[in-house]
Every structure is written in C-alpha cells, then in structure tokens.
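Right, one structure below, let's go through it.
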Amino acid sequence: MAEIMYWEALQRAHDEEMARDPLVICMGEDIGVAGGTYKATKGLYEKYGPLRVMDTPISEGGYTGLGIGASFLGIRPIIEIMSVNFAWLAMDQMFNSAAKVRYMSGGQLTSPSVFRAAGGAAHQLGAQHSARMEKVFMGIAGLRVVTPSNPKQAYGLLKSAVRSDDPVFINEHELMYNMKGEVPDEEYFHPLEGSEISRSGNDVTLFGYNISVHWCLKAAEILDKQYGISAEVVDLYSLSPLDRAGIKKSVCKTHRAIIAEEDEAPVGVGSEVIAIINEECFFELDAAPVRVHSALVPQPYNHKLEKAAIPDHEDVISAVLKMLGK
Amino acid sequence: MKLEDKKRVLREMVLHRRFEERCYQAYIERKIGGFLHLYPGQEACCNGVMEAARPGHDYVITGYRDHIHAIKCGSDPKAVMAELYGKETGSSKGRGGSMHIFDVAHRFMGGYALVGGPFPLAAGIAKGIQMKGGDEISICFLGDAANNQGVFHETLNMAALWKLPVLFVCENNQYGIGTSIDRSTAVLDQFKRVCGYGIESAQCDGQDIDVVYEHARKAVDYVRSRKGPYFLELMTYRYRGHSMSDSRGYRTREEEEQWKQRDPINILRDRLIDAGALTMDDYNAMEKDTDAYIENEVIKFAEESPEPDVADLEKYVFA
Ligand SMILES: Cc1ncc(C[n+]2csc(CCOP(=O)(O)OP(=O)(O)O)c2C)c(N)n1
Ligand SMILES: [Mg+2]
C-alpha cells in the first residue's frame with residue numbers, strides 16, 4: 001500500500017476509469033490544460049485529449065445539464081464543480097434531471113453521472129465561497145451522496161461512483177486535497193452505502209463525516225489520554241442514504257451520541273442522525289444526543305469570527321465532557 | 001477630458017496601481033487572507049468609464065476584482081484596506097473581505113464572488129432607478145468569461161425588453177482564470193454577442209484611457225437618456241495571476257511583455273508629458289507621494305484598527 005495524497009487518489013481513480021472505459025469523460029472549469037484547481041485531473045488532458053477531458057466555459061448549469069444529457073446515452077461523465085458554492089447554479093439539472101429521470105421515466109432512462117465538488121470552509125474565503133451544502137444534496141430522492149474523509153475513500157468512492165448506474169454527488173473538502181493516506185495498490189471499490197468505524201470505543205460515539213471525522217479522531221485520542229474516556233468514531237462517508245444499521249449498532253454499544261458537522265445545525269446530518277437514533281434505538285440512550293456544528297451565519301471573512309463560527313476537535317471534547325458530567 | 005482632469009486621473013491610476021501592489025505584499029505577509037484578485041493592467045477601464053459617468057451618483061456593481069471600482073466610486077482607500085485586513089473599520093466591517101467590498105453611501109453596490117451573479121442585480125438596480133424616476137444609471141463591470149453564464153443572456157433579454165438604464169462594461173482581459181477566451185467562447189468579440197438581443201454595443205481599446213473615455217461617454221449618454229441598455233467591451237489585460245495562487249503557466253511571458261508595452265498608466269503619463277502638462281520628475285514625485293500616503297495612512301489605519309468583537313458574530317444576519 002502506497003501513501004498518496006487525496007488529490008492523487010482522485011487522479012488515479014479518474015485515470016483508471018478512463019483507461020478502462022472509453023465512455024468515461026470528465027468535464028469542468030480549468031480541469032484540462034490547467035490540470036484542475038486541486039489537480040484531481042492532472043495529466044488527463046494530455047493522455048485522453050479534449051474530447052474526453054473537457055475544459056468548460058463558466059456555465060455550471062449548462063455543462064452539468066450537458067453531461068447529464070450525455071449520460072442518458074450511457075456516457076459516464078465525471079463533472080467537477082470547482083467549488084461547491086457554484087453547484088447552486090447546477091442544482092436544477094442535478095436534482096430535476098439526473099436525480100429524477102429514472103423514476104419519472106418508469107425506469108427507461110437513467111443518469112450514470114458523477115458530480116464532484118470541493119466543499120467545506122477553507123481559510124477566510126468569505127460568505128460566497130465557504131458554504132457547506134451537504135444538507136442540500138442529502139435530501140434529494142434519486143441522488144446518492146458520499147463524502148470521502150481520506151485518500152482511500154476518495155479513490156474507492158470515485159471508482160464506485162463511476163461504475164454506479166445512479167447519479168452520485170461526491171462532496172470533497174478544500175482543505176483535504178493534500179492530506180496523505182494509504183491507498184491499496186490494487187484496484188479498490190469502496191461501497192457507496194454504509195459507514196465505517198474509524199476508532200473503536202465504549203463510552204460515547206462520535207459521528208463525523210469528511211473533515212469532522214478528523215476532529216472526532218483527534219478528540220477521541222485526547223479524551224483517552226487525558227480523561228480516560230473511550231470514544232468510538234463512526235465515519236458516515238455515505239450521507240444519502242445514511243447507514244441506519246451502523247448508527248444503531250454503535251449507539252447500542254456506547255449509549256451516547258455526539259454528531260460533529262462542519263455545516264450549520266438546522267437541517268443537516270446531525271438532525272438526521274438524531275432522528276434515526278430516535279426511530280431505531282431511543283431507549284438505548286443514556287443521554288440526549290448532541291450536535292457540534294457551525295453557527296448559522298454567512299461565513300465571516302475576519303479570521304477570529306471565522307474560527308468562532310466553525311467548530312473543531314475542542315468543541316467535540318467539550319461536548320463529550322459535558323455529556324459525561326466531567 | 002480636460003488636461004486638469006487627466007492629471008487628476010493619472011494620480012488616481014497611480015494610486016490604484018500602488019494600492020493593489022501593496023495588497024500583494026500584505027498578502028505575502030499574511031495580513032490579508034482568503035482570495036485576492038488584483039487589478040493592475042486594467043486601470044484605464046474603470047477610470048475611463050467612471051470619468052464619463054458620475055461616481056457616487058451612478059450605481060456600480062462588479063465581481064470579486066473590486067477594490068479599485070469601490071475606490072473610484074468614492075470609497076476611502078483606508079476603509080478598503082481595513083476590509084482586506086478584516087478589521088471592524090473596513091468597508092464591510094471585516095465581514096466581507098476582498099471579494100465583498102461594499103460602500104452603499106457611494107453607490108458602490110458591491111463585489112460578488114460568483115461569476116455572472118451581478119448581471120441581473122445590475123438590471124434590477126436599473127429597474128429600481130426606473131421606478132424611482134432618478135437620472136442615475138446602473139453600471140455593471142464584469143469579465144469576458146462571465147458572459148458564458150446563462151444568466152448573462154437572460155439578463156440581456158430582460159434589460160432590452162424593459163429598456164432598463166443599465167450599462168454593461170465587459171473588461172475583456174482574455175482569460176477566465178487559466179482558460180483563454182478562445183478555449184471557452186465560440187465568438188471572441190463579446191460586443192457581437194449582445195446583438196441578438198437588440199442591444200447597442202461597441203468594442204474599443206481598454207488600455208488607452210482617452211479611447212475608453214470617448215466610447216464610455218457615448219454609452220453613458222445613451223443609457224442616461226433612457227434609450228435602453230448598452231454593452232461596452234474593453235480590450236485589456238491583467239498583469240498578475242487570476243488570484244494569488246496562480247503561476248500563469250497558461251500564457252507566455254512574451255505575451256505579458258507585449259501588453260505591458262501598452263501600459264495604461266504609461267500611455268496617459270507620456271501623453272501628458274508630450275503635451276507639456278507634466279514632467280517625468282512630476283510623475284516620479286506622484287509615485288513617491290502615493291507610496292507614502294499608502295504606507296503612512298492607508299496601511300497604518302488598517303494595521304491599527306481593531307478586529308470585530310467575536311461576541312458580534314451574529315450581528316448583521318437579520319435586520
Ligand atoms: C459561478 C462561478 N463559477 C466559477 C467561479 C470560479 N471563478 C472565479 S473567477 C473565474 C474567471 C472569471 O473570468 P472573467 O469573467 O473573465 O473575469 P476576470 O477574472 O478575468 O476579471 C472563475 C472561473 C466562480 N467564482 N463562480
Ligand atoms: Mg477575464
């Protein structure tokens with residue numbers, strides 16, 4: 001197993017899928033000649049040419065729809081949205097066309113399309129470039145939503161997404177493209193559904209996804225070393241569908257749940273997970289579940305305000321200590 | 001433009017250039033964060049158009065490359081720099097940052113980060129002017145690549161249909177980040193793209209302020225006299241990368257040098273020197289004074305201003 005960066009893992013998945021299937025194409029702004037804002041398509045333009053690696057105009061609604069249209073004929077487009085904030089412009093096509101076409105055609109048509117976007121809040125990018133939009137995507141029937149927290153998932157989820165006959169939205173993170181991690185040398189397909197136990201524990205479950213998995217892991221380590229608290233970390237890499245069985249299993253083991261999300265609280269992963277806990281295993285709980293989340297404000301530019309708006313591992317630790325009465 | 005005005009504008013353009021170069025330095029020193037898009041090379045566009053219009057009276061809206069448009073409308077460079085420093089004294093109280101300079105008192109209606117977003121807002125502002133019966137016009141400055149957003153076409157149609165007093169200024173610097181216009185756009189002449197909507201348009205050199213001014217005067221008069229919208233395309237070039245992380249691998253140093261031969265500030269300076277209205281010494285003093293002003297007043301103000309209070313995180317979310 002080699003240690004590679006998150007962007008390299010994405011690049012490898014693109015490359016392997018394009019080499020295997022001539023109907024796999026990729027599209028997006030500055031992905032070709034420039035190699036991609038986060039290098040996820042580096043070298044592919046040179047290798048596969050402009051018909052398959054398409055530098056698009058700044059027309060998110062247009063090229064997303066165009067890619068979806070091509071997918072109706074069995075083309076498998078991997079559509080990169082430079083920043084998830086720009087996905088607002090493409091959502092009509094993603095939601096109204098890709099996500100619904102199988103159902104409203106009674107199964108005649110399907111859109112095997114993949115949408116990738118750099119999500120999350122990076123540093124001081126301000127209100128219009130820092131949106132966390134998982135909450136919007138995960139509520140759409142017919143659209144799968146995954147969000148890789150490490151290079152292995154980035155590689156394996158993209159591979160599986162390309163092979164899937166459903167449209168898949170992959171929510172990446174601006175701050176994670178240079179993160180290193182082990183990726184199998186052989187071909188690997190990560191399941192699009194389910195969840196993963198990133199760290200096993202007994203006293204409390206910390207649910208995270210994408211970047212918040214790392215807050216949870218760091219918090220778990222500190223809780224163990226400094227407080228003797230054993231926290232389990234569950235990685236919800238699939239946001240739609242959420243892994244009901246996995247959530248239930250961990251809560252039945254620890255009897256306490258904290259959900260860490262970079263998104264704002266109202267309407268989101270946290271509220272969904274709590275609803276699932278209520279539905280699946282309410283009487284297993286020893287404490288009311290708690291969300292650690294961002295403040296409901298347009299992201300401020302000033303660095304102190306920004307830090308105050310977004311949680312981190314310290315907020316997770318505080319929530320655990322409070323829950324356990326320490 | 002009168003000679004005196006030209007001299008004043010030269011001084012302003014020098015400020016605009018040095019201000020942006022100073023931002024570059026402050027970014028390297030990590031005083032400024034986030035995305036930073038700079039204006040050097042394009043100064044004659046904003047200046048030429050706004051000299052023909054009425055800064056502070058006419059409404060202006062633009063994208064993320066917005067510092068100079070705000071200053072030209074009347075914003076205090078100190079408040080703009082303080083915004084870039086994220087300070088409470090900044091034009092948007094440190095909440096907006098470089099891409100979101102706002103100065104409503106000077107009718108600078110803001111910088112917006114999503115490409116194409118300002119098109120319909122500009123038309124809407126023109127609708128507001130129309131309803132209220134004033135003599136202002138709405139001016140929208142955006143780039144060439146923005147014209148590939150669907151909303152550009154939707155807006156043009158509505159602006160023409162309802163004869164809205166809006167002037168679209170396309171600063172065609174021939175790139176959208178790393179993609180050259182010929183790789184993103186089927187028709188290179190942007191002014192031709194609006195003809196299908198029945199909108200008056202023109203294209204001209206965006207490096208020579210006299211040329212920009214002459215064309216802008218016609219455009220502004222046309223819109224102000226309520227004949228309908230107008231689209232003015234200015235051929236220009238940005239010297240620096242798109243934003244700070246851009247190493248400009250998509251274009252040659254020769255191409256950049258060629259454009260620098262037609263530097264908007266040098267063109268105006270040399271013309272004033274030829275006319276006997278300015279000496280090289282005057283010009284050098286102008287640069288020196290400007291640098292001193294930026295350092296001693298603008299930067300000092302930004303450095304010394306307080307940061308927003310964290311307790312005010314939720315201020316300005318709702319009315
Ligand atoms: C909707 C949207 N898509 C993509 C981007 C990323 N982006 C920022 S600026 C830019 C290029 C715009 O080029 P142009 O309109 O020519 O303006 P210039 O930067 O050259 O002044 C792109 C693609 C964005 N900010 N918003
Ligand atoms: Mg441009």
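We name chains A, B, ... following the order of the structure tokens; residues begin at 1 in each chain, and ligands are numbered from 1 as shown.
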Closest pair table for chain B residues within 10 Å of ligand 1, only C-alpha atoms and all ligand atoms, as JSON lines:
{"residue": "B:Phe35", "atom": "CA", "partner": "ligand 1", "partner_atom_place_in_ligand_line": "8 (C)", "distance": 9.8}
{"residue": "B:His37", "atom": "CA", "partner": "ligand 1", "partner_atom_place_in_ligand_line": "19 (O)", "distance": 7.6}
{"residue": "B:Leu38", "atom": "CA", "partner": "ligand 1", "partner_atom_place_in_ligand_line": "21 (O)", "distance": 8.9}
{"residue": "B:Tyr39", "atom": "CA", "partner": "ligand 1", "partner_atom_place_in_ligand_line": "21 (O)", "distance": 8.3}
{"residue": "B:Gln42", "atom": "CA", "partner": "ligand 1", "partner_atom_place_in_ligand_line": "21 (O)", "distance": 9.3}
{"residue": "B:Thr62", "atom": "CA", "partner": "ligand 1", "partner_atom_place_in_ligand_line": "21 (O)", "distance": 9.7}
{"residue": "B:Gly63", "atom": "CA", "partner": "ligand 1", "partner_atom_place_in_ligand_line": "21 (O)", "distance": 7.7}
{"residue": "B:Tyr64", "atom": "CA", "partner": "ligand 1", "partner_atom_place_in_ligand_line": "9 (S)", "distance": 7.5}
{"residue": "B:Arg65", "atom": "CA", "partner": "ligand 1", "partner_atom_place_in_ligand_line": "21 (O)", "distance": 6.3}
{"residue": "B:Asp66", "atom": "CA", "partner": "ligand 1", "partner_atom_place_in_ligand_line": "21 (O)", "distance": 9.5}
{"residue": "B:Met99", "atom": "CA", "partner": "ligand 1", "partner_atom_place_in_ligand_line": "25 (N)", "distance": 9.8}
{"residue": "B:Tyr112", "atom": "CA", "partner": "ligand 1", "partner_atom_place_in_ligand_line": "25 (N)", "distance": 8.5}
{"residue": "B:Ala113", "atom": "CA", "partner": "ligand 1", "partner_atom_place_in_ligand_line": "25 (N)", "distance": 5.1}
{"residue": "B:Leu114", "atom": "CA", "partner": "ligand 1", "partner_atom_place_in_ligand_line": "26 (N)", "distance": 3.5}
{"residue": "B:Val115", "atom": "CA", "partner": "ligand 1", "partner_atom_place_in_ligand_line": "26 (N)", "distance": 3.9}
{"residue": "B:Gly116", "atom": "CA", "partner": "ligand 1", "partner_atom_place_in_ligand_line": "1 (C)", "distance": 6.6}
{"residue": "B:Gly117", "atom": "CA", "partner": "ligand 1", "partner_atom_place_in_ligand_line": "1 (C)", "distance": 7.4}
{"residue": "B:Phe141", "atom": "CA", "partner": "ligand 1", "partner_atom_place_in_ligand_line": "21 (O)", "distance": 9.2}
{"residue": "B:Leu142", "atom": "CA", "partner": "ligand 1", "partner_atom_place_in_ligand_line": "15 (O)", "distance": 6.0}
{"residue": "B:Gly143", "atom": "CA", "partner": "ligand 1", "partner_atom_place_in_ligand_line": "15 (O)", "distance": 3.4}
{"residue": "B:Asp144", "atom": "CA", "partner": "ligand 1", "partner_atom_place_in_ligand_line": "16 (O)", "distance": 3.9}
{"residue": "B:Ala145", "atom": "CA", "partner": "ligand 1", "partner_atom_place_in_ligand_line": "16 (O)", "distance": 3.7}
{"residue": "B:Ala146", "atom": "CA", "partner": "ligand 1", "partner_atom_place_in_ligand_line": "15 (O)", "distance": 3.8}
{"residue": "B:Asn147", "atom": "CA", "partner": "ligand 1", "partner_atom_place_in_ligand_line": "15 (O)", "distance": 7.0}
{"residue": "B:Asn148", "atom": "CA", "partner": "ligand 1", "partner_atom_place_in_ligand_line": "15 (O)", "distance": 8.5}
{"residue": "B:Gln149", "atom": "CA", "partner": "ligand 1", "partner_atom_place_in_ligand_line": "1 (C)", "distance": 7.8}
{"residue": "B:Cys170", "atom": "CA", "partner": "ligand 1", "partner_atom_place_in_ligand_line": "15 (O)", "distance": 8.5}
{"residue": "B:Glu171", "atom": "CA", "partner": "ligand 1", "partner_atom_place_in_ligand_line": "21 (O)", "distance": 6.9}
{"residue": "B:Asn172", "atom": "CA", "partner": "ligand 1", "partner_atom_place_in_ligand_line": "16 (O)", "distance": 6.5}
{"residue": "B:Asn173", "atom": "CA", "partner": "ligand 1", "partner_atom_place_in_ligand_line": "20 (O)", "distance": 5.6}
{"residue": "B:Gln174", "atom": "CA", "partner": "ligand 1", "partner_atom_place_in_ligand_line": "16 (O)", "distance": 6.6}
{"residue": "B:Tyr175", "atom": "CA", "partner": "ligand 1", "partner_atom_place_in_ligand_line": "20 (O)", "distance": 5.2}
{"residue": "B:Gly176", "atom": "CA", "partner": "ligand 1", "partner_atom_place_in_ligand_line": "13 (O)", "distance": 3.3}
{"residue": "B:Ile177", "atom": "CA", "partner": "ligand 1", "partner_atom_place_in_ligand_line": "11 (C)", "distance": 4.7}
{"residue": "B:Gly178", "atom": "CA", "partner": "ligand 1", "partner_atom_place_in_ligand_line": "11 (C)", "distance": 8.1}
{"residue": "B:Thr179", "atom": "CA", "partner": "ligand 1", "partner_atom_place_in_ligand_line": "11 (C)", "distance": 8.3}
{"residue": "B:Ser180", "atom": "CA", "partner": "ligand 1", "partner_atom_place_in_ligand_line": "16 (O)", "distance": 8.9}
{"residue": "B:Ile181", "atom": "CA", "partner": "ligand 1", "partner_atom_place_in_ligand_line": "16 (O)", "distance": 8.0}
{"residue": "B:Thr236", "atom": "CA", "partner": "ligand 1", "partner_atom_place_in_ligand_line": "20 (O)", "distance": 9.7}
{"residue": "B:Tyr237", "atom": "CA", "partner": "ligand 1", "partner_atom_place_in_ligand_line": "20 (O)", "distance": 8.4}
{"residue": "B:Arg238", "atom": "CA", "partner": "ligand 1", "partner_atom_place_in_ligand_line": "20 (O)", "distance": 7.5}
{"residue": "B:Gly241", "atom": "CA", "partner": "ligand 1", "partner_atom_place_in_ligand_line": "19 (O)", "distance": 9.3}
{"residue": "B:His242", "atom": "CA", "partner": "ligand 1", "partner_atom_place_in_ligand_line": "19 (O)", "distance": 5.9}
{"residue": "B:Ser243", "atom": "CA", "partner": "ligand 1", "partner_atom_place_in_ligand_line": "19 (O)", "distance": 8.3}
Proximal residues of chain A relative to chain B (only C-alpha atoms; 6 Å) as an mmCIF file with C-alpha atoms, in the first residue's frame:
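Saved result, selection.cif, follows:
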data_model
loop_
_atom_site.group_PDB
_atom_site.id
_atom_site.type_symbol
_atom_site.label_atom_id
_atom_site.label_comp_id
_atom_site.auth_asym_id
_atom_site.auth_seq_id
_atom_site.Cartn_x
_atom_site.Cartn_y
_atom_site.Cartn_z
ATOM 1 C CA PRO A 57 -16.898 27.629 -20.073
ATOM 2 C CA ILE A 58 -18.114 29.124 -16.794
ATOM 3 C CA SER A 59 -21.568 27.717 -17.408
ATOM 4 C CA HIS A 123 -9.470 29.855 5.284
ATOM 5 C CA GLN A 124 -11.166 33.251 5.069
ATOM 6 C CA LEU A 125 -12.819 32.679 1.722
ATOM 7 C CA PRO A 300 -17.400 35.821 8.026
ATOM 8 C CA TYR A 301 -14.116 36.903 6.436
ATOM 9 C CA ASN A 302 -12.359 38.006 9.611
ATOM 10 C CA LEU A 305 -15.082 35.446 13.584
#
**Message:** Show me, as a PyMOL selection string, the residues that have an atom within 10 Å of His153 (chain B) when counting only C-alpha atoms, minus same-chain residues fewer than 4 positions from it.
**Reply:** chain B and resi 119-120+147-149+157-159+193-194+196-197
Emit the selected residues as an mmCIF file, in the first residue's frame, including all heavy atoms.
data_model
loop_
_atom_site.group_PDB
_atom_site.id
_atom_site.type_symbol
_atom_site.label_atom_id
_atom_site.label_comp_id
_atom_site.auth_asym_id
_atom_site.auth_seq_id
_atom_site.Cartn_x
_atom_site.Cartn_y
_atom_site.Cartn_z
ATOM 1 N N PHE B 119 -24.923 40.331 -12.995
ATOM 2 C CA PHE B 119 -25.678 40.772 -14.191
ATOM 3 C C PHE B 119 -27.130 41.124 -13.866
ATOM 4 O O PHE B 119 -27.564 42.252 -14.098
ATOM 5 C CB PHE B 119 -25.652 39.697 -15.284
ATOM 6 C CG PHE B 119 -24.367 39.594 -16.053
ATOM 7 C CD1 PHE B 119 -23.715 38.373 -16.166
ATOM 8 C CD2 PHE B 119 -23.816 40.696 -16.691
ATOM 9 C CE1 PHE B 119 -22.540 38.249 -16.896
ATOM 10 C CE2 PHE B 119 -22.630 40.586 -17.423
ATOM 11 C CZ PHE B 119 -21.997 39.353 -17.519
ATOM 12 N N PRO B 120 -27.894 40.171 -13.326
ATOM 13 C CA PRO B 120 -29.300 40.508 -13.067
ATOM 14 C C PRO B 120 -29.453 41.522 -11.943
ATOM 15 O O PRO B 120 -30.416 42.300 -11.947
ATOM 16 C CB PRO B 120 -29.936 39.162 -12.691
ATOM 17 C CG PRO B 120 -28.811 38.299 -12.254
ATOM 18 C CD PRO B 120 -27.604 38.754 -13.019
ATOM 19 N N ASN B 147 -19.537 36.100 -19.444
ATOM 20 C CA ASN B 147 -20.594 36.123 -20.461
ATOM 21 C C ASN B 147 -21.048 34.729 -20.872
ATOM 22 O O ASN B 147 -21.976 34.594 -21.661
ATOM 23 C CB ASN B 147 -20.113 36.873 -21.707
ATOM 24 C CG ASN B 147 -19.749 38.311 -21.375
ATOM 25 O OD1 ASN B 147 -20.123 38.810 -20.318
ATOM 26 N ND2 ASN B 147 -19.025 38.961 -22.251
ATOM 27 N N ASN B 148 -20.385 33.710 -20.347
ATOM 28 C CA ASN B 148 -20.818 32.354 -20.667
ATOM 29 C C ASN B 148 -21.795 31.798 -19.642
ATOM 30 O O ASN B 148 -22.227 30.654 -19.751
ATOM 31 C CB ASN B 148 -19.604 31.434 -20.806
ATOM 32 C CG ASN B 148 -18.812 31.781 -22.055
ATOM 33 O OD1 ASN B 148 -19.403 32.163 -23.070
ATOM 34 N ND2 ASN B 148 -17.509 31.692 -21.986
ATOM 35 N N GLN B 149 -22.140 32.599 -18.664
ATOM 36 C CA GLN B 149 -23.172 32.165 -17.727
ATOM 37 C C GLN B 149 -24.542 32.397 -18.362
ATOM 38 O O GLN B 149 -24.771 33.417 -19.023
ATOM 39 C CB GLN B 149 -23.103 32.954 -16.415
ATOM 40 C CG GLN B 149 -21.978 32.536 -15.494
ATOM 41 C CD GLN B 149 -22.179 31.171 -14.844
ATOM 42 O OE1 GLN B 149 -23.025 30.378 -15.265
ATOM 43 N NE2 GLN B 149 -21.392 30.882 -13.834
ATOM 44 N N ASN B 157 -31.759 39.917 -22.274
ATOM 45 C CA ASN B 157 -33.104 39.918 -22.852
ATOM 46 C C ASN B 157 -34.049 40.809 -22.051
ATOM 47 O O ASN B 157 -34.766 41.642 -22.610
ATOM 48 C CB ASN B 157 -33.638 38.485 -22.913
ATOM 49 C CG ASN B 157 -35.044 38.438 -23.471
ATOM 50 O OD1 ASN B 157 -35.319 38.999 -24.535
ATOM 51 N ND2 ASN B 157 -35.951 37.799 -22.749
ATOM 52 N N MET B 158 -34.000 40.666 -20.736
ATOM 53 C CA MET B 158 -34.919 41.459 -19.905
ATOM 54 C C MET B 158 -34.563 42.948 -19.940
ATOM 55 O O MET B 158 -35.450 43.808 -19.999
ATOM 56 C CB MET B 158 -34.905 40.945 -18.469
ATOM 57 C CG MET B 158 -35.535 39.569 -18.334
ATOM 58 S SD MET B 158 -35.650 39.024 -16.620
ATOM 59 C CE MET B 158 -33.949 38.585 -16.283
ATOM 60 N N ALA B 159 -33.263 43.219 -19.920
ATOM 61 C CA ALA B 159 -32.830 44.623 -19.931
ATOM 62 C C ALA B 159 -33.296 45.310 -21.209
ATOM 63 O O ALA B 159 -33.732 46.468 -21.198
ATOM 64 C CB ALA B 159 -31.308 44.705 -19.793
ATOM 65 N N ARG B 193 -22.033 39.525 -29.256
ATOM 66 C CA ARG B 193 -22.939 38.530 -28.668
ATOM 67 C C ARG B 193 -24.256 39.144 -28.212
ATOM 68 O O ARG B 193 -25.231 38.432 -27.999
ATOM 69 C CB ARG B 193 -22.264 37.825 -27.483
ATOM 70 C CG ARG B 193 -21.023 37.078 -27.892
ATOM 71 C CD ARG B 193 -20.341 36.437 -26.714
ATOM 72 N NE ARG B 193 -21.028 35.229 -26.270
ATOM 73 C CZ ARG B 193 -20.676 34.539 -25.193
ATOM 74 N NH1 ARG B 193 -19.663 34.948 -24.444
ATOM 75 N NH2 ARG B 193 -21.323 33.449 -24.847
ATOM 76 N N VAL B 194 -24.264 40.455 -28.021
ATOM 77 C CA VAL B 194 -25.488 41.069 -27.490
ATOM 78 C C VAL B 194 -26.430 41.528 -28.606
ATOM 79 O O VAL B 194 -27.555 41.936 -28.347
ATOM 80 C CB VAL B 194 -25.162 42.265 -26.556
ATOM 81 C CG1 VAL B 194 -24.152 41.848 -25.504
ATOM 82 C CG2 VAL B 194 -24.645 43.451 -27.342
ATOM 83 N N GLY B 196 -28.043 39.965 -30.820
ATOM 84 C CA GLY B 196 -29.261 39.163 -30.926
ATOM 85 C C GLY B 196 -30.350 39.605 -29.963
ATOM 86 O O GLY B 196 -31.507 39.225 -30.117
ATOM 87 N N TYR B 197 -29.962 40.399 -28.985
ATOM 88 C CA TYR B 197 -30.961 40.900 -28.032
ATOM 89 C C TYR B 197 -31.382 42.335 -28.365
ATOM 90 O O TYR B 197 -32.101 42.964 -27.597
ATOM 91 C CB TYR B 197 -30.410 40.828 -26.598
ATOM 92 C CG TYR B 197 -30.094 39.394 -26.205
ATOM 93 C CD1 TYR B 197 -28.790 38.908 -26.250
ATOM 94 C CD2 TYR B 197 -31.113 38.523 -25.838
ATOM 95 C CE1 TYR B 197 -28.508 37.587 -25.933
ATOM 96 C CE2 TYR B 197 -30.843 37.208 -25.525
ATOM 97 C CZ TYR B 197 -29.537 36.741 -25.575
ATOM 98 O OH TYR B 197 -29.272 35.440 -25.273
#
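Shortest atom-to-atom contact with Gly276 (chain B) among B:Leu3, B:Asp103, B:Val80, B:Glu304: B:Leu3, counting only C-alpha atoms.
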**Message:** Give me the residues near Asn150 (chain A) as a ChimeraX atom specification, where near means some atom within 10 Å (using only C-alpha atoms) and where sequence neighbours in that chain fewer than 3 positions away do not count.
**Reply:** /A:5-6,9,147,153-155,172,176-177,179-183,210-211,213-214,237
